[in-house]
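Asks: start10.csv is reproduced in full below (CSV, C-alpha atoms and all ligand atoms).
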```csv
chain,number,residue,atom,x,y,z
A,1,MET,CA,134.7,408.6,15.7
A,2,ASN,CA,137.3,410.8,13.9
A,3,GLU,CA,139.7,409.7,11.2
A,4,ASP,CA,142.6,409.3,13.6
A,5,THR,CA,140.7,406.7,15.7
A,6,PRO,CA,142.4,403.3,14.9
A,7,LEU,CA,140.0,401.0,13.2
A,8,TYR,CA,138.8,398.2,15.6
A,9,TYR,CA,138.2,394.7,14.2
A,10,THR,CA,134.8,394.3,15.8
A,11,ASP,CA,133.6,397.6,14.6
A,12,TYR,CA,134.8,397.1,11.0
A,13,LEU,CA,133.0,393.8,10.7
A,14,LYS,CA,130.0,394.9,12.8
A,15,LEU,CA,130.4,391.8,14.8
A,16,ASP,CA,128.1,393.0,17.6
A,17,ASP,CA,125.3,393.1,15.1
A,18,LEU,CA,126.3,390.0,13.3
A,19,LEU,CA,126.6,387.9,16.4
A,20,SER,CA,123.3,389.0,17.8
A,21,LEU,CA,121.3,387.9,14.7
A,22,GLN,CA,120.5,384.3,15.9
A,23,SER,CA,117.1,384.0,17.5
A,24,PRO,CA,116.2,380.4,18.0
A,25,LYS,CA,112.4,379.7,17.8
A,26,SER,CA,112.7,376.9,20.3
A,27,LEU,CA,113.8,379.4,23.0
A,28,GLU,CA,110.9,381.7,22.2
A,29,ARG,CA,108.3,379.0,22.0
A,30,MET,CA,109.4,376.5,24.7
A,31,GLY,CA,111.5,378.8,26.9
A,32,GLU,CA,114.4,376.3,26.3
A,33,LEU,CA,116.9,376.2,23.5
A,34,ALA,CA,116.9,373.1,21.3
A,35,HIS,CA,120.7,372.8,21.2
A,36,GLU,CA,120.9,372.0,17.4
A,37,GLU,CA,118.8,375.0,16.4
A,38,MET,CA,121.9,377.3,16.8
A,39,LEU,CA,123.8,375.2,14.2
A,40,PHE,CA,120.8,375.2,11.9
A,41,ILE,CA,120.5,379.0,12.0
A,42,ILE,CA,124.3,379.7,11.6
A,43,VAL,CA,124.7,377.3,8.7
A,44,HIS,CA,121.8,379.0,6.9
A,45,GLN,CA,123.2,382.4,7.6
A,46,ALA,CA,126.6,381.4,6.4
A,47,TYR,CA,125.0,380.2,3.2
A,48,GLU,CA,123.2,383.5,2.7
A,49,LEU,CA,126.5,385.4,3.2
A,50,TRP,CA,128.2,383.3,0.5
A,51,PHE,CA,125.2,383.8,-1.8
A,52,LYS,CA,125.7,387.5,-1.3
A,53,GLN,CA,129.3,387.1,-2.4
A,54,ILE,CA,128.4,385.0,-5.4
A,55,LEU,CA,125.8,387.6,-6.5
A,56,HIS,CA,128.5,390.3,-6.1
A,57,GLU,CA,130.8,388.4,-8.5
A,58,LEU,CA,128.0,387.6,-10.9
A,59,ASP,CA,126.9,391.2,-11.1
A,60,SER,CA,130.4,392.3,-11.9
A,61,VAL,CA,130.7,389.7,-14.7
A,62,ILE,CA,127.3,390.7,-16.0
A,63,ALA,CA,128.4,394.4,-16.1
A,64,ILE,CA,131.5,393.4,-18.1
A,65,PHE,CA,129.5,391.4,-20.6
A,66,LYS,CA,127.0,394.2,-21.1
A,67,GLN,CA,129.7,396.2,-22.9
A,68,ASP,CA,129.6,396.2,-26.7
A,69,TYR,CA,133.3,395.3,-26.8
A,70,ILE,CA,134.8,392.9,-24.3
A,71,ASP,CA,138.6,392.9,-24.4
A,72,GLU,CA,140.9,390.0,-23.4
A,73,LYS,CA,141.7,391.6,-20.1
A,74,ASN,CA,138.1,391.7,-19.1
A,75,VAL,CA,137.5,388.2,-20.2
A,76,GLY,CA,140.4,387.3,-17.9
A,77,VAL,CA,138.9,389.2,-15.0
A,78,SER,CA,135.6,387.4,-15.6
A,79,VAL,CA,137.3,384.0,-15.6
A,80,SER,CA,138.9,384.7,-12.3
A,81,ARG,CA,135.7,385.9,-10.7
A,82,LEU,CA,133.7,382.9,-12.1
A,83,ASN,CA,136.5,380.6,-10.7
A,84,ARG,CA,136.0,382.3,-7.3
A,85,ILE,CA,132.3,381.3,-7.5
A,86,ILE,CA,133.3,377.7,-8.3
A,87,GLU,CA,135.5,377.6,-5.2
A,88,ILE,CA,132.7,379.0,-3.0
A,89,GLN,CA,130.3,376.4,-4.5
A,90,LYS,CA,132.7,373.6,-3.4
A,91,LEU,CA,132.5,375.0,0.1
A,92,LEU,CA,128.7,375.2,0.0
A,93,ILE,CA,128.5,371.5,-0.9
A,94,GLU,CA,131.0,370.5,1.9
A,95,GLN,CA,129.1,372.7,4.4
A,96,ILE,CA,126.1,370.2,4.2
A,97,ARG,CA,128.3,367.8,6.2
A,98,VAL,CA,128.4,370.2,9.1
A,99,LEU,CA,124.6,370.4,9.2
A,100,GLU,CA,124.4,366.6,9.0
A,101,THR,CA,126.1,366.3,12.4
A,102,MET,CA,122.6,367.1,13.6
A,103,THR,CA,120.5,363.9,13.7
A,104,PRO,CA,117.0,363.7,12.2
A,105,LEU,CA,115.6,363.3,15.8
A,106,ASP,CA,117.5,366.4,16.9
A,107,PHE,CA,115.9,368.3,14.0
A,108,LEU,CA,112.4,367.2,15.2
A,109,ASP,CA,113.0,369.1,18.4
A,110,PHE,CA,112.4,372.4,16.6
A,111,ARG,CA,111.3,371.6,13.0
A,112,ASP,CA,107.6,372.3,13.6
A,113,PHE,CA,108.3,375.8,14.8
A,114,LEU,CA,109.7,376.6,11.3
A,115,ILE,CA,106.5,376.0,9.3
A,116,PRO,CA,105.9,377.6,6.7
A,117,ALA,CA,109.4,379.0,6.4
A,118,SER,CA,111.7,377.1,4.0
A,119,GLY,CA,115.0,377.5,2.0
A,120,PHE,CA,112.5,377.6,-0.8
A,121,GLN,CA,112.0,381.2,0.1
A,122,SER,CA,115.7,382.2,-0.2
A,123,TYR,CA,115.4,385.1,-2.5
A,124,GLN,CA,119.2,385.3,-2.9
A,125,PHE,CA,119.2,381.7,-4.2
A,126,ARG,CA,116.5,382.6,-6.7
A,127,LEU,CA,118.4,385.7,-7.7
A,128,MET,CA,121.5,383.5,-8.4
A,129,GLU,CA,119.4,381.3,-10.6
A,130,ASN,CA,117.9,384.2,-12.5
A,131,ARG,CA,121.2,386.1,-12.9
A,132,LEU,CA,122.8,383.0,-14.3
A,133,GLY,CA,119.9,382.6,-16.6
A,134,LEU,CA,117.6,379.7,-15.5
A,135,ASP,CA,114.8,379.7,-18.0
A,136,PRO,CA,111.5,380.5,-16.2
A,137,GLU,CA,109.7,378.1,-18.5
A,138,GLN,CA,111.9,375.3,-17.3
A,139,ARG,CA,111.2,375.7,-13.6
A,140,LYS,CA,109.4,372.8,-11.9
A,141,PRO,CA,106.0,374.1,-10.8
A,142,PHE,CA,105.5,374.2,-7.1
A,143,GLU,CA,101.8,373.6,-6.3
A,144,LYS,CA,101.0,375.2,-9.7
A,145,ALA,CA,102.0,378.6,-8.4
A,146,PRO,CA,105.0,380.7,-9.5
A,147,TYR,CA,108.2,379.9,-7.6
A,148,HIS,CA,108.1,383.3,-6.0
A,149,ALA,CA,104.4,383.0,-4.8
A,150,ARG,CA,105.5,382.3,-1.2
A,151,LEU,CA,107.9,385.2,-0.9
A,152,SER,CA,107.2,388.7,0.4
A,153,LYS,CA,105.8,391.3,-2.2
A,154,GLU,CA,109.2,393.1,-2.0
A,155,HIS,CA,111.1,389.9,-2.8
A,156,GLN,CA,108.7,389.0,-5.6
A,157,GLN,CA,109.2,392.3,-7.3
A,158,LEU,CA,113.0,391.9,-7.0
A,159,LEU,CA,112.8,388.5,-8.6
A,160,ILE,CA,110.4,389.6,-11.4
A,161,LYS,CA,112.8,392.4,-12.2
A,162,SER,CA,115.8,390.0,-12.3
A,163,GLU,CA,113.9,387.7,-14.7
A,164,GLN,CA,113.4,390.7,-17.0
A,165,SER,CA,117.0,391.8,-16.9
A,166,LEU,CA,119.7,390.3,-19.2
A,167,SER,CA,121.2,387.2,-17.6
A,168,LEU,CA,124.7,385.9,-17.9
A,169,PHE,CA,123.3,383.2,-20.3
A,170,ASP,CA,121.8,386.0,-22.6
A,171,LEU,CA,124.9,388.0,-22.6
A,172,VAL,CA,127.3,385.1,-23.2
A,173,GLU,CA,125.0,384.1,-26.1
A,174,LYS,CA,125.3,387.6,-27.6
A,175,TRP,CA,129.1,387.6,-27.1
A,176,LEU,CA,129.4,384.2,-28.8
A,177,GLU,CA,127.3,385.4,-31.7
A,178,ARG,CA,129.8,388.2,-32.2
A,179,THR,CA,132.8,385.9,-32.4
A,180,PRO,CA,134.7,386.5,-35.6
A,181,PHE,CA,136.4,383.8,-37.6
A,182,LEU,CA,133.3,381.6,-38.3
A,183,GLN,CA,133.8,382.5,-42.0
A,184,PHE,CA,137.2,383.9,-42.9
A,185,HIS,CA,138.5,384.9,-46.3
A,186,GLY,CA,136.8,382.1,-48.1
A,187,PHE,CA,137.7,379.4,-45.4
A,188,ASP,CA,134.4,377.7,-44.7
A,189,PHE,CA,135.0,375.8,-41.5
A,190,TRP,CA,131.6,374.1,-41.6
A,191,GLN,CA,132.1,372.6,-45.0
A,192,THR,CA,135.4,371.1,-43.9
A,193,TYR,CA,134.0,370.0,-40.6
A,194,ARG,CA,131.0,368.3,-42.4
A,195,ASN,CA,133.4,366.3,-44.7
A,196,THR,CA,135.6,365.3,-41.8
A,197,VAL,CA,132.5,364.1,-39.8
A,198,GLN,CA,131.1,362.2,-42.8
A,199,LYS,CA,134.5,360.4,-43.2
A,200,MET,CA,134.5,359.6,-39.5
A,201,PHE,CA,131.0,358.0,-39.7
A,202,GLU,CA,131.9,356.0,-42.9
A,203,ARG,CA,134.9,354.6,-41.0
A,204,ASP,CA,132.8,353.7,-38.0
A,205,ARG,CA,130.1,352.1,-40.2
A,206,LYS,CA,132.7,349.9,-42.0
A,207,SER,CA,134.3,348.9,-38.7
A,208,ILE,CA,130.9,347.7,-37.4
A,209,GLU,CA,130.0,345.9,-40.7
A,210,ASN,CA,133.4,344.1,-40.8
A,211,ASN,CA,133.6,343.3,-37.1
A,212,PRO,CA,133.7,339.4,-36.9
A,213,THR,CA,132.8,339.3,-33.2
A,214,LEU,CA,129.4,340.9,-33.7
A,215,SER,CA,126.3,338.9,-34.6
A,216,GLU,CA,123.9,340.2,-37.4
A,217,ASP,CA,121.5,341.4,-34.8
A,218,GLU,CA,124.2,343.2,-32.8
A,219,LYS,CA,125.5,344.8,-36.0
A,220,GLU,CA,122.0,346.1,-36.8
A,221,THR,CA,121.6,347.6,-33.3
A,222,GLU,CA,125.0,349.3,-33.5
A,223,LEU,CA,124.3,350.6,-37.0
A,224,THR,CA,121.0,352.1,-35.9
A,225,GLU,CA,122.7,353.8,-33.0
A,226,LEU,CA,125.4,355.1,-35.3
A,227,ALA,CA,122.7,356.5,-37.6
A,228,ALA,CA,121.0,358.3,-34.7
A,229,THR,CA,124.4,359.9,-33.6
A,230,GLU,CA,125.0,360.9,-37.3
A,231,LYS,CA,121.5,362.6,-37.3
A,232,SER,CA,122.3,364.5,-34.1
A,233,PHE,CA,125.4,365.9,-35.9
A,234,SER,CA,123.2,367.5,-38.5
A,235,ALA,CA,121.9,369.9,-35.9
A,236,ILE,CA,125.2,371.6,-35.6
A,237,ILE,CA,125.5,372.2,-39.3
A,238,ASP,CA,121.9,372.6,-40.3
A,239,GLU,CA,120.3,375.8,-38.9
A,240,ASP,CA,116.7,374.6,-39.6
A,241,GLU,CA,117.3,371.4,-37.7
A,242,HIS,CA,118.8,373.4,-34.8
A,243,ASN,CA,115.9,375.7,-34.7
A,244,ARG,CA,113.4,372.8,-34.7
A,245,LEU,CA,115.2,371.3,-31.7
A,246,ARG,CA,115.2,374.8,-30.1
A,247,GLU,CA,111.4,375.2,-30.5
A,248,LYS,CA,110.9,371.8,-28.9
A,249,GLY,CA,113.1,372.9,-25.9
A,250,PHE,CA,116.0,370.5,-26.6
A,251,ARG,CA,118.3,373.4,-27.4
A,252,ARG,CA,118.5,376.9,-25.9
A,253,LEU,CA,121.5,378.7,-27.4
A,254,SER,CA,121.1,380.3,-30.8
A,255,PHE,CA,122.6,378.4,-33.8
A,256,LYS,CA,125.3,381.0,-34.3
A,257,ALA,CA,126.3,381.0,-30.6
A,258,THR,CA,126.4,377.2,-30.6
A,259,GLN,CA,128.6,377.1,-33.6
A,260,ALA,CA,130.9,379.7,-32.1
A,261,ALA,CA,131.1,377.8,-28.8
A,262,LEU,CA,132.0,374.6,-30.8
A,263,LEU,CA,134.7,376.4,-32.7
A,264,ILE,CA,136.2,377.8,-29.5
A,265,ASN,CA,136.3,374.3,-28.0
A,266,LEU,CA,137.8,372.7,-31.0
A,267,TYR,CA,140.5,375.3,-31.5
A,268,ARG,CA,141.1,376.2,-27.9
A,269,ASP,CA,144.8,375.7,-28.3
A,270,GLU,CA,145.0,378.8,-30.4
A,271,PRO,CA,146.2,381.5,-28.0
A,272,ILE,CA,143.3,383.9,-28.7
A,273,LEU,CA,140.7,381.3,-28.1
A,274,HIS,CA,142.2,380.0,-24.9
A,275,LEU,CA,140.5,382.5,-22.5
A,276,PRO,CA,137.1,382.2,-24.2
A,277,PHE,CA,137.5,378.4,-23.8
A,278,LYS,CA,138.3,378.9,-20.1
A,279,LEU,CA,135.2,381.1,-19.7
A,280,LEU,CA,132.9,378.5,-21.3
A,281,THR,CA,134.5,375.9,-19.0
A,282,CYS,CA,133.7,378.0,-15.9
A,283,LEU,CA,130.1,378.3,-16.9
A,284,ILE,CA,129.8,374.5,-17.4
A,285,GLU,CA,131.4,374.0,-13.9
A,286,ILE,CA,129.1,376.5,-12.2
A,287,ASP,CA,126.1,374.7,-13.6
A,288,GLU,CA,127.6,371.4,-12.6
A,289,PHE,CA,128.3,372.5,-9.0
A,290,LEU,CA,124.9,374.0,-8.7
A,291,THR,CA,123.4,370.6,-9.8
A,292,ALA,CA,125.8,368.8,-7.4
A,293,TRP,CA,124.6,371.0,-4.5
A,294,ARG,CA,120.9,370.3,-5.4
A,295,TYR,CA,121.5,366.6,-5.3
A,296,ARG,CA,123.5,366.8,-2.1
A,297,HIS,CA,120.8,368.9,-0.5
A,298,ALA,CA,118.1,366.5,-1.7
A,299,LEU,CA,120.1,363.6,-0.2
A,300,MET,CA,120.4,365.4,3.2
A,301,VAL,CA,116.7,366.2,3.1
A,302,GLN,CA,115.8,362.6,2.5
A,303,ARG,CA,118.0,361.6,5.5
A,304,MET,CA,116.5,364.4,7.7
A,305,ILE,CA,112.8,364.0,6.9
A,306,GLY,CA,112.5,360.8,4.9
A,307,SER,CA,109.4,361.1,2.7
A,308,LYS,CA,107.6,363.8,4.8
A,309,ILE,CA,106.6,366.9,3.0
A,310,GLY,CA,108.9,370.0,3.5
A,311,THR,CA,108.2,372.8,5.9
A,312,GLY,CA,107.5,374.9,2.8
A,313,GLY,CA,104.8,372.4,1.7
A,314,SER,CA,106.5,370.6,-1.3
A,315,SER,CA,106.8,366.9,-1.7
A,316,GLY,CA,110.3,367.3,-0.2
A,317,HIS,CA,112.9,364.9,-1.5
A,318,GLN,CA,111.0,364.2,-4.7
A,319,TYR,CA,110.5,367.8,-5.6
A,320,LEU,CA,114.2,368.5,-5.0
A,321,LYS,CA,115.3,365.6,-7.1
A,322,MET,CA,113.2,367.0,-10.0
A,323,THR,CA,114.8,370.5,-9.7
A,324,ALA,CA,118.3,368.8,-9.7
A,325,GLU,CA,117.4,367.1,-13.0
A,326,LYS,CA,115.7,370.0,-14.7
A,327,HIS,CA,117.1,373.3,-13.4
A,328,LYS,CA,120.2,373.5,-15.5
A,329,ILE,CA,121.4,376.6,-17.3
A,330,PHE,CA,124.3,375.9,-19.6
A,331,SER,CA,123.4,372.3,-20.8
A,332,ASP,CA,124.0,373.4,-24.4
A,333,LEU,CA,127.7,374.1,-23.6
A,334,THR,CA,128.0,370.8,-21.6
A,335,ASN,CA,126.5,368.8,-24.5
A,336,LEU,CA,128.8,370.3,-27.1
A,337,SER,CA,131.2,367.4,-26.6
A,338,THR,CA,128.7,365.3,-28.7
A,339,PHE,CA,130.2,367.2,-31.7
A,340,PHE,CA,133.8,367.0,-30.8
A,341,ILE,CA,136.2,365.3,-33.2
A,342,PRO,CA,139.7,364.2,-32.3
A,343,ARG,CA,142.5,366.9,-32.6
A,344,SER,CA,144.2,364.8,-35.3
A,345,LYS,CA,141.1,365.0,-37.5
A,346,LEU,CA,140.5,368.7,-37.1
A,347,PRO,CA,140.5,370.6,-40.3
A,348,GLU,CA,143.8,372.5,-40.6
A,349,LEU,CA,143.3,376.3,-40.4
A,350,PRO,CA,144.6,378.4,-43.3
A,351,GLU,CA,147.9,380.1,-42.4
A,352,ASP,CA,146.4,383.7,-42.6
A,353,LEU,CA,143.6,382.7,-40.2
A,354,LYS,CA,146.1,381.2,-37.8
A,355,LYS,CA,148.0,384.4,-37.8
A,356,ASN,CA,144.9,386.3,-36.8
A,357,LEU,CA,144.1,383.8,-34.1
A,358,GLY,CA,147.6,383.8,-32.6
A,359,PHE,CA,149.9,386.4,-31.2
A,360,TYR,CA,151.6,386.6,-34.5
A,361,TYR,CA,151.9,390.4,-34.8
A,362,SER,CA,153.1,391.0,-31.3
A,363,LYS,CA,155.7,388.1,-31.7
A,364,LYS,CA,157.0,389.7,-34.9
A,365,GLU,CA,157.4,393.0,-33.3
A,366,SER,CA,159.4,391.8,-30.3
B,401,LIG,C1,117.8,370.1,8.0
B,401,LIG,C2,118.2,370.7,6.9
B,401,LIG,C3,117.3,371.0,5.7
B,401,LIG,C4,116.1,370.5,5.4
B,401,LIG,C5,115.4,369.3,6.0
B,401,LIG,C6,115.7,371.1,4.2
B,401,LIG,C7,114.5,370.8,3.5
B,401,LIG,C8,114.1,371.4,2.3
B,401,LIG,C9,112.9,371.1,1.6
B,401,LIG,C10,111.9,370.0,2.0
B,401,LIG,C11,112.8,371.9,0.5
B,401,LIG,C12,111.7,371.9,-0.5
B,401,LIG,C13,110.7,373.0,-0.3
B,401,LIG,C14,109.9,372.8,1.0
B,401,LIG,O1,108.9,372.0,0.8
B,401,LIG,O2,110.2,373.3,2.0
B,401,LIG,C15,114.0,372.7,0.5
B,401,LIG,C16,114.2,373.7,-0.4
B,401,LIG,C17,115.3,374.5,-0.4
B,401,LIG,N1,116.3,374.5,0.6
B,401,LIG,FE1,116.5,373.3,2.2
B,401,LIG,N2,116.6,372.1,3.8
B,401,LIG,C18,117.6,372.0,4.7
B,401,LIG,C19,118.7,372.8,4.7
B,401,LIG,C20,119.0,373.8,3.8
B,401,LIG,C21,120.1,374.7,3.8
B,401,LIG,C22,121.3,374.6,4.9
B,401,LIG,C23,120.0,375.5,2.8
B,401,LIG,C24,121.0,376.6,2.5
B,401,LIG,C25,120.6,377.8,2.1
B,401,LIG,C26,118.8,375.2,2.1
B,401,LIG,C27,118.3,375.8,1.0
B,401,LIG,C28,117.2,375.4,0.2
B,401,LIG,C29,116.8,376.0,-1.0
B,401,LIG,C30,117.6,377.1,-1.8
B,401,LIG,C31,115.7,375.4,-1.4
B,401,LIG,C32,114.9,375.6,-2.7
B,401,LIG,C33,115.5,374.6,-3.7
B,401,LIG,C34,114.7,374.6,-5.1
B,401,LIG,O3,113.5,375.0,-5.1
B,401,LIG,O4,115.3,374.1,-6.1
B,401,LIG,N3,118.2,374.1,2.7
B,401,LIG,N4,114.7,372.4,1.6
```
Just dump the structure as structure tokens.
Replies:
Amino acid sequence: MNEDTPLYYTDYLKLDDLLSLQSPKSLERMGELAHEEMLFIIVHQAYELWFKQILHELDSVIAIFKQDYIDEKNVGVSVSRLNRIIEIQKLLIEQIRVLETMTPLDFLDFRDFLIPASGFQSYQFRLMENRLGLDPEQRKPFEKAPYHARLSKEHQQLLIKSEQSLSLFDLVEKWLERTPFLQFHGFDFWQTYRNTVQKMFERDRKSIENNPTLSEDEKETELTELAATEKSFSAIIDEDEHNRLREKGFRRLSFKATQAALLINLYRDEPILHLPFKLLTCLIEIDEFLTAWRYRHALMVQRMIGSKIGTGGSSGHQYLKMTAEKHKIFSDLTNLSTFFIPRSKLPELPEDLKKNLGFYYSKKES
């Protein structure tokens, strides 16, 4: 084909190849197509194509965050690409409904031909988890073997390599640690924040103690709960406490990165912190939609196979429910809201710090 030949749609998309990639097992084994198997294959293939697109976006964001200096423009590009991932994830959750038009009995027409293959072997799904930064220690064991034990040697190597590379979690943590303004020209945000929080708790304590509608027992319960919340606040101010929680696996982000993320959230209305805030929000949403997909998939599995074991050999629905609960990546960012205080109570930033956080200089020049 020379350069003057007009491009043909079918050639560009390699449709002849793509459309010949469905080989139902029922046809091969029984000589007759189980009608629903075509849907089953196409839905899975569509998922894998979208996984490929998600990995494409993730890789580009990871490349941006590997740079020593990430300017605003690139944070903006990252936010739009992460938002694209979120839109794809919504589609992936909705897509389950299409597969559910196949009834459990229809599935039984070809299910046994699939053993031991399973979505559990989707290496692109595992790559997504690893690139995002799922902690290998956190993974639910599958028959006491590593999660990649049932994959081909080639895919196992790919996954081990991806585990050893810097993930988006690692890179965002480093980026947060580099955030300036945590200490600025003598303004110690944390001292001011600590005083504000203490006052907030004192007020809450008094309002419980003076509440005439509560019995003595109820007051005691509420005061105990308040004391527990107060203690949890110490982890955001006290590095040793944070590190203790980190060692026990209750926290993952470093102390410095956690503080920076909180600051970004609290002062997100400052123009320069707005994009970083959007980025952190995207990460929370990606994690949330991944969990939503896991639950949705687990529900579909329960409907399709009840309490049977999966074709990959797991306990099926039970295993999937556990991964939905445990396999989270950015929980530290999600849980930051524990430490939020109302805007009206936020320590006022000194004027010179505000000038550095805003577009003050560019405004003056224009
Ligand atoms: C009839 C439909 C489906 C059934 C009955 C089903 C069943 C299961 C079961 C039982 C498992 C646990 C591993 C095992 O023992 O096999 C699993 C894992 C998995 N499935 Fe599906 N699945 C279905 C559709 C899909 C689709 C459309 C996808 C899209 C790619 C998918 C992706 C996955 C993934 C990624 C895992 C691993 C999840 C993890 O380990 O956290 N499944 N599936």
Asks: Neighbours of segment 11-22 of chain A within 10 Å (only C-alpha atoms; same-chain residues fewer than 4 positions away dropped), as a ChimeraX atom specification?
Replies: /A:7,37-42,45
Asks: So which residues are near ligand LIG 401 (chain B), meaning at most 7 Å away with all atoms listed in the file counted, given back as a PyMOL selection string?
Replies: chain A and resi 43-44+47-48+96+99+107+118-122+125+294+297+300-301+304-305+309-317+319-320+323
Asks: Which centre and edge lengths in Å to one decimal define the box along x, y and z that fits every listed atom of segment 289-300 of chain A plus 5 Å per side, as JSON?
Replies:
```
{"center_x": 123.2, "center_y": 368.8, "center_z": -3.3, "size_x": 20.2, "size_y": 20.4, "size_z": 23.0}
```
Asks: Counting all atoms listed in the file, find residues at most 10 Å from (132.3, 392.6, -28.5) (file frame) and give them as a list in words.
Replies: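 Returned residue set, sorted by chain then number, is Phe65, Lys66, Gln67, Asp68, Tyr69, Ile70, Asp71, Lys174, Trp175, Leu176, Glu177, Arg178, Thr179 and Pro180 of chain A.
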Asks: Between A:Glu36, A:Glu325, A:Glu202, A:Glu225, single out the one closest to Thr101 of chain A, counting all atoms listed in the file.
Replies: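 Distance minimum relative to Thr101 of chain A lands on A:Glu36.
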Asks: Write out as number ranges by chain which residues come within 8 Å of segment 233-239 of chain A when counting only C-alpha atoms, dropping same-chain ones fewer than 6 positions away.
Replies: A: 190, 194, 255, 258-259, 338-339
Asks: Just to confirm, what's the straight-line distance from atom CA of Arg296 of chain A to atom CA of Thr281 of chain A in Å (one decimal)?
Replies: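 These atoms are spaced 22.1 Å apart.
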Asks: For a test of reading the model, state the distance in Å between atom CA of Leu336 of chain A and atom CA of Leu299 of chain A, rounded to one decimal.
Replies: 29.1 Å
Asks: Give me the residues within 12 Å of Asn335 of chain A as a list in words, counting only C-alpha atoms and dropping any in the same chain fewer than 4 places off.
Replies: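 Counting only C-alpha atoms, the residues come to Ser232, Phe233, Ile236, Phe250, Arg251, Arg252, Leu253, Thr258, Ala261, Leu262, Asn265, Ile284, Lys328, Ile329, Phe330, Ser331, Phe339 and Phe340 of chain A.
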Asks: Fewer than 4 positions away in the same chain doesn't count, so skip those; otherwise give me all residues within 9 Å of segment 266-279 of chain A, counting only C-alpha atoms, as a short mmCIF file (atom, residue, chain, number, x, y, z; two decimals) with C-alpha atoms, keeping the file's coordinate frame.
Replies:
```cif
data_model
loop_
_atom_site.label_atom_id
_atom_site.label_comp_id
_atom_site.auth_asym_id
_atom_site.auth_seq_id
_atom_site.Cartn_x
_atom_site.Cartn_y
_atom_site.Cartn_z
CA GLU A 72 140.90 390.00 -23.40
CA VAL A 75 137.50 388.20 -20.20
CA GLY A 76 140.40 387.30 -17.90
CA SER A 78 135.60 387.40 -15.60
CA VAL A 79 137.30 384.00 -15.60
CA LEU A 82 133.70 382.90 -12.10
CA ALA A 261 131.10 377.80 -28.80
CA LEU A 262 132.00 374.60 -30.80
CA LEU A 283 130.10 378.30 -16.90
CA ILE A 284 129.80 374.50 -17.40
CA PHE A 340 133.80 367.00 -30.80
CA ILE A 341 136.20 365.30 -33.20
CA PRO A 342 139.70 364.20 -32.30
CA ARG A 343 142.50 366.90 -32.60
CA LEU A 346 140.50 368.70 -37.10
CA LYS A 354 146.10 381.20 -37.80
CA ASN A 356 144.90 386.30 -36.80
CA LEU A 357 144.10 383.80 -34.10
CA GLY A 358 147.60 383.80 -32.60
CA PHE A 359 149.90 386.40 -31.20
#
```
Asks: Tell me which of A:Lys219, A:Arg244, A:Lys231, A:Arg81 sits closest to Gln198 of chain A, counting only C-alpha atoms.
Replies: A:Lys231
Asks: Which is closest to Ser337 of chain A among A:Asp106, A:Leu263, A:Leu33, A:Phe201, if we use only C-alpha atoms?
Replies: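 Of all the options, A:Leu263 lies closest to Ser337 of chain A.
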Asks: Counting only C-alpha atoms, figure out which residue out of A:Gly31, A:Tyr123, A:Pro212, A:Glu285 gets nearest to Ala149 of chain A.
Replies: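 Once distances to Ala149 of chain A are computed over only C-alpha atoms, the minimum belongs to A:Tyr123.
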Asks: Taking 2 positions as the minimum chain separation for residues in the same chain, which residues sit within 9 Å of Ala324 of chain A when counting all atoms listed in the file? Answer as a list in words.
Replies: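 After dropping sequence-adjacent residues, the list is Leu290, Thr291, Ala292, Trp293, Arg294, Tyr295, Ala298, Tyr319, Leu320, Lys321, Met322, Lys326, His327 and Lys328 of chain A.
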Asks: Could you tell me which of A:Ser254, A:Ser165, A:Gln302, A:Ser307 comes closest to Asp332 of chain A if we count all atoms listed in the file?
Replies: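 Checking each of A:Ser254, A:Ser165, A:Gln302, A:Ser307 against Asp332 of chain A, counting all atoms listed in the file, the winner is A:Ser254.
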Asks: Here is a test: counting all atoms listed in the file, which residue of A:Gly133, A:Leu151, A:Asp188, A:Glu94 is nearest to Glu163 of chain A?
Replies: A:Gly133
Asks: Find the distance between atom CA of Leu226 of chain A and atom CA of Glu288 of chain A and write it in Å to one decimal.
Replies: 28.0 Å
